[in-house]
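This report refers to the structure that appears directly beneath it.
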Amino acid sequence: MTRWTAGLLMLLALALSPGIALATAIGEPLEFETEAQRQQYETLTRELRCTVCQSETIHESNAELAADMRRRVYQMTRDGMSADAIVDFMVARYGDYVRYRPPLQANTALLWASPFLLFGGGLLVWWQVMRRRARPDDEPQFTDQERAALERLRRGN
Amino acid sequence: MKLKLLIPLVAVTALLGLLLLGLGLNSRDLPSPLVGKPAPAFALEALEDPQTILTEQDFIGEVALVNVWATWCSTCRAEKPLLMELARAGIPIHAFNYRDEREAALRYLAMTESPYRTIAYDPAGDAGIDWGVYATPETYVLDAEGVIRYKRIGPLTRQLLLDEVLPLIERLRAESAGRAS
């Protein structure tokens, strides 16, 4: 009986093994040589964009391309490549777009600076409004004619 | 004072303009970093014959197209008549059969004519990642030295061929002819 179950399990393992070679499913248990490699894999899959689904990382995407990319990241991690080298590998093929966190470089400078620019603009508007409020109302200005009329009224005739 | 009132109007108009511009952009039109680079290396079985191993060298030699296709991709099927026309006009078309089954692909090609000169069988999308494939269909233009000069993500259209691809092929052919003489 136990031999039977063992045989069945073996068969099951055999049936499943090509799947591992083809693609890496979400949350599939993976074996790493060191904890650092696991950490690197986990970090990288959360930092690379699934380029067909666009608003998902390859960690969370069900797309086939994402599975291929996970498998590549896994293989390269197992081969001992550094995180930077793996990101560079993906960027060379899919462009900067593949990085979920855009790097700070010439063509992304505006993107990174925009929050500060907007904050600065808001600060400027606020400062102008406050300054206007603090200033006492100007003395009313009258023309000579009005002044004469006022004078007449004051004298009461 | 009047000028100050205009500021919000101008700001809102600028913002709306920016949004309108964004609507016109296709978020799938991504620049490929591979344009200008040599064709990435690969070693894959030929679709027709598992014994034959194809490499990027089999795609290189003259100005050619490289088309990424699969039988499960209906857009690829729709694109095929256009590829047939190009093949008949004497433009070599190489291909990656991407994430497909060999049987299905062979049956599909047996039903009608095949526009492809060489077909590399890539069931696991291995070469796909090296070539920066997003989704099928995709088409690259290689020059005679095997440098990627153009990439189209999505189907080719007649308009696109007339406007961009065919003039580029003409130019590349003239380039390589100039170099040869």
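Labeling convention for the structure tokens: chains A, B, ... as they appear, residues from 1 per chain, ligands from 1 in order of appearance.
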
Return as JSON lines the residues of chain B lying at most 8 Å from chain A, together with the closest atom-to-atom pair for each and the distance in Å to one decimal, counting only C-alpha atoms, with rows in chain order and ascending residue number.
```
{"residue": "B:Pro31", "atom": "CA", "partner": "A:Gly95", "partner_atom": "CA", "distance": 7.3}
{"residue": "B:Ser32", "atom": "CA", "partner": "A:Gly95", "partner_atom": "CA", "distance": 6.3}
{"residue": "B:Pro33", "atom": "CA", "partner": "A:Gly95", "partner_atom": "CA", "distance": 5.3}
{"residue": "B:Leu34", "atom": "CA", "partner": "A:Arg93", "partner_atom": "CA", "distance": 6.2}
{"residue": "B:Ala124", "atom": "CA", "partner": "A:Leu22", "partner_atom": "CA", "distance": 5.6}
{"residue": "B:Gly125", "atom": "CA", "partner": "A:Asp68", "partner_atom": "CA", "distance": 6.8}
{"residue": "B:Asp126", "atom": "CA", "partner": "A:Asp68", "partner_atom": "CA", "distance": 7.7}
{"residue": "B:Ile129", "atom": "CA", "partner": "A:Arg93", "partner_atom": "CA", "distance": 7.3}
{"residue": "B:Asp130", "atom": "CA", "partner": "A:Arg93", "partner_atom": "CA", "distance": 6.4}
{"residue": "B:Trp131", "atom": "CA", "partner": "A:Arg93", "partner_atom": "CA", "distance": 6.5}
{"residue": "B:Gly132", "atom": "CA", "partner": "A:Arg93", "partner_atom": "CA", "distance": 4.7}
{"residue": "B:Tyr134", "atom": "CA", "partner": "A:Val52", "partner_atom": "CA", "distance": 5.9}
{"residue": "B:Ala135", "atom": "CA", "partner": "A:Val52", "partner_atom": "CA", "distance": 7.0}
```

*Leaving out B:Tyr98 and any residue of its chain fewer than 3 positions from it, which residues lie within 9 Å of it when counting only C-alpha atoms, given as an MDAnalysis selection string?*
chainID B and resid 68:71 95 101 120:125 127:128 136

Using only N, CA, C and O atoms, please write the residues we just selected to a file, as an mmCIF file, in the first residue's frame.
```cif
data_model
loop_
_atom_site.group_PDB
_atom_site.id
_atom_site.type_symbol
_atom_site.label_atom_id
_atom_site.label_comp_id
_atom_site.auth_asym_id
_atom_site.auth_seq_id
_atom_site.Cartn_x
_atom_site.Cartn_y
_atom_site.Cartn_z
ATOM 1 N N VAL B 68 7.419 37.253 -34.921
ATOM 2 C CA VAL B 68 7.139 36.383 -33.780
ATOM 3 C C VAL B 68 5.662 36.027 -33.833
ATOM 4 O O VAL B 68 4.815 36.921 -33.827
ATOM 5 N N TRP B 69 5.361 34.729 -33.904
ATOM 6 C CA TRP B 69 3.963 34.337 -34.083
ATOM 7 C C TRP B 69 3.644 33.063 -33.318
ATOM 8 O O TRP B 69 4.536 32.367 -32.820
ATOM 9 N N ALA B 70 2.353 32.768 -33.219
ATOM 10 C CA ALA B 70 1.884 31.530 -32.598
ATOM 11 C C ALA B 70 0.521 31.201 -33.172
ATOM 12 O O ALA B 70 -0.178 32.093 -33.662
ATOM 13 N N THR B 71 0.149 29.932 -33.115
ATOM 14 C CA THR B 71 -1.153 29.569 -33.680
ATOM 15 C C THR B 71 -2.302 30.061 -32.807
ATOM 16 O O THR B 71 -3.404 30.266 -33.293
ATOM 17 N N ALA B 95 11.309 33.572 -38.523
ATOM 18 C CA ALA B 95 10.272 33.640 -37.497
ATOM 19 C C ALA B 95 10.662 32.904 -36.228
ATOM 20 O O ALA B 95 11.484 31.984 -36.228
ATOM 21 N N GLU B 101 2.717 24.938 -29.701
ATOM 22 C CA GLU B 101 2.992 23.505 -29.793
ATOM 23 C C GLU B 101 3.410 23.189 -31.219
ATOM 24 O O GLU B 101 2.782 23.647 -32.177
ATOM 25 N N ALA B 120 12.290 29.281 -36.000
ATOM 26 C CA ALA B 120 12.873 28.760 -34.765
ATOM 27 C C ALA B 120 11.748 28.470 -33.789
ATOM 28 O O ALA B 120 10.827 29.277 -33.622
ATOM 29 N N TYR B 121 11.814 27.299 -33.161
ATOM 30 C CA TYR B 121 10.746 26.842 -32.278
ATOM 31 C C TYR B 121 11.086 27.236 -30.848
ATOM 32 O O TYR B 121 12.063 26.747 -30.277
ATOM 33 N N ASP B 122 10.286 28.121 -30.269
ATOM 34 C CA ASP B 122 10.583 28.666 -28.942
ATOM 35 C C ASP B 122 9.406 28.422 -27.991
ATOM 36 O O ASP B 122 8.675 29.345 -27.636
ATOM 37 N N PRO B 123 9.213 27.166 -27.559
ATOM 38 C CA PRO B 123 8.015 26.856 -26.773
ATOM 39 C C PRO B 123 8.022 27.486 -25.389
ATOM 40 O O PRO B 123 6.968 27.717 -24.806
ATOM 41 N N ALA B 124 9.202 27.762 -24.839
ATOM 42 C CA ALA B 124 9.258 28.282 -23.471
ATOM 43 C C ALA B 124 9.492 29.784 -23.432
ATOM 44 O O ALA B 124 9.611 30.370 -22.359
ATOM 45 N N GLY B 125 9.524 30.415 -24.603
ATOM 46 C CA GLY B 125 9.763 31.853 -24.627
ATOM 47 C C GLY B 125 11.170 32.229 -24.196
ATOM 48 O O GLY B 125 11.394 33.318 -23.679
ATOM 49 N N ALA B 127 14.090 32.537 -26.160
ATOM 50 C CA ALA B 127 14.605 33.578 -27.046
ATOM 51 C C ALA B 127 13.715 34.804 -26.928
ATOM 52 O O ALA B 127 14.166 35.924 -27.113
ATOM 53 N N GLY B 128 12.447 34.557 -26.590
ATOM 54 C CA GLY B 128 11.496 35.663 -26.433
ATOM 55 C C GLY B 128 12.017 36.733 -25.499
ATOM 56 O O GLY B 128 11.961 37.919 -25.810
ATOM 57 N N THR B 136 2.729 38.548 -28.996
ATOM 58 C CA THR B 136 2.647 38.294 -30.429
ATOM 59 C C THR B 136 1.531 39.135 -31.033
ATOM 60 O O THR B 136 0.558 39.431 -30.345
#
```

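Of all the residues in stretch 39-127 of chain B, the ones DSSP labels as strand (DSSP E) from the backbone are B:Ala43, B:Leu44, B:Glu45, B:Ile53, B:Leu54, B:Thr55, B:Ala64, B:Leu65, B:Val66, B:Asn67, B:Val68, B:Trp69, B:Ile93, B:His94, B:Ala95, B:Phe96, B:Asn97, B:Tyr98, B:Thr118, B:Ile119, B:Ala120, B:Tyr121, B:Asp122.
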
*Please, which residues of chain B, numbered as in this document, come out helix (DSSP H, G or I) from DSSP, as an MDAnalysis selection string?*
chainID B and resid 2:24 56:59 74:88 102:111 126:130 158:180

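Residues in contact with B:Asn67 at up to 10 Å, not including ones fewer than 5 positions away on its chain and judged by only C-alpha atoms, are B:Cys76, B:Leu83, B:Ile93, B:His94, B:Ala95, B:Phe96, B:Asn97, B:Tyr98, B:Tyr116, B:Ile119, B:Thr136, B:Pro137, B:Glu138, B:Thr139, B:Tyr140, B:Val141, B:Lys151, B:Arg152, B:Pro155, B:Leu156.
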
*A:Tyr41: which residues within 7 Å, counting only C-alpha atoms, same-chain residues fewer than 2 positions away excluded, as a ChimeraX atom specification?*
/A:37-39,43-45,73-74,77

*Spatial neighbours of B:Leu86, 12 Å, only C-alpha atoms, chain gap at least 2 places, as a PyMOL selection string*: chain B and resi 64-65+67+79-84+88-94+114-117+156-158+161-162+165-166+169

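All residues of protein, DNA or RNA that reach within 10 Å of B:Glu175, judged by only C-alpha atoms and not counting those fewer than 5 positions away in the chain, are Val63, Asp143, Ala144, Ile169, Glu170 and Ala180 of chain B.
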
Generate a file of the selected residues that holds N, CA and C atoms, formatted as a CSV table (one decimal), in the first residue's frame.
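Written output follows (selection-v9.csv):
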```csv
chain,number,residue,atom,x,y,z
B,63,VAL,N,19.0,41.8,-45.8
B,63,VAL,CA,17.9,42.5,-45.1
B,63,VAL,C,16.7,41.7,-45.0
B,143,ASP,N,19.1,44.4,-40.6
B,143,ASP,CA,19.8,44.8,-41.8
B,143,ASP,C,20.8,43.6,-42.2
B,144,ALA,N,21.5,43.8,-43.2
B,144,ALA,CA,22.3,42.7,-43.8
B,144,ALA,C,23.4,42.2,-42.8
B,169,ILE,N,13.4,49.1,-45.6
B,169,ILE,CA,14.0,47.9,-46.3
B,169,ILE,C,14.7,48.4,-47.5
B,170,GLU,N,14.1,49.3,-48.3
B,170,GLU,CA,14.8,49.9,-49.5
B,170,GLU,C,16.1,50.5,-49.1
B,180,ALA,N,28.9,46.7,-50.3
B,180,ALA,CA,29.5,45.5,-51.0
B,180,ALA,C,30.3,45.9,-52.2
```

_Taking 3 positions as the minimum chain separation for residues in the same chain, which residues sit within 7 Å of A:Ala83 when counting only C-alpha atoms? Answer as a PyMOL selection string._
chain A and resi 40+86-87
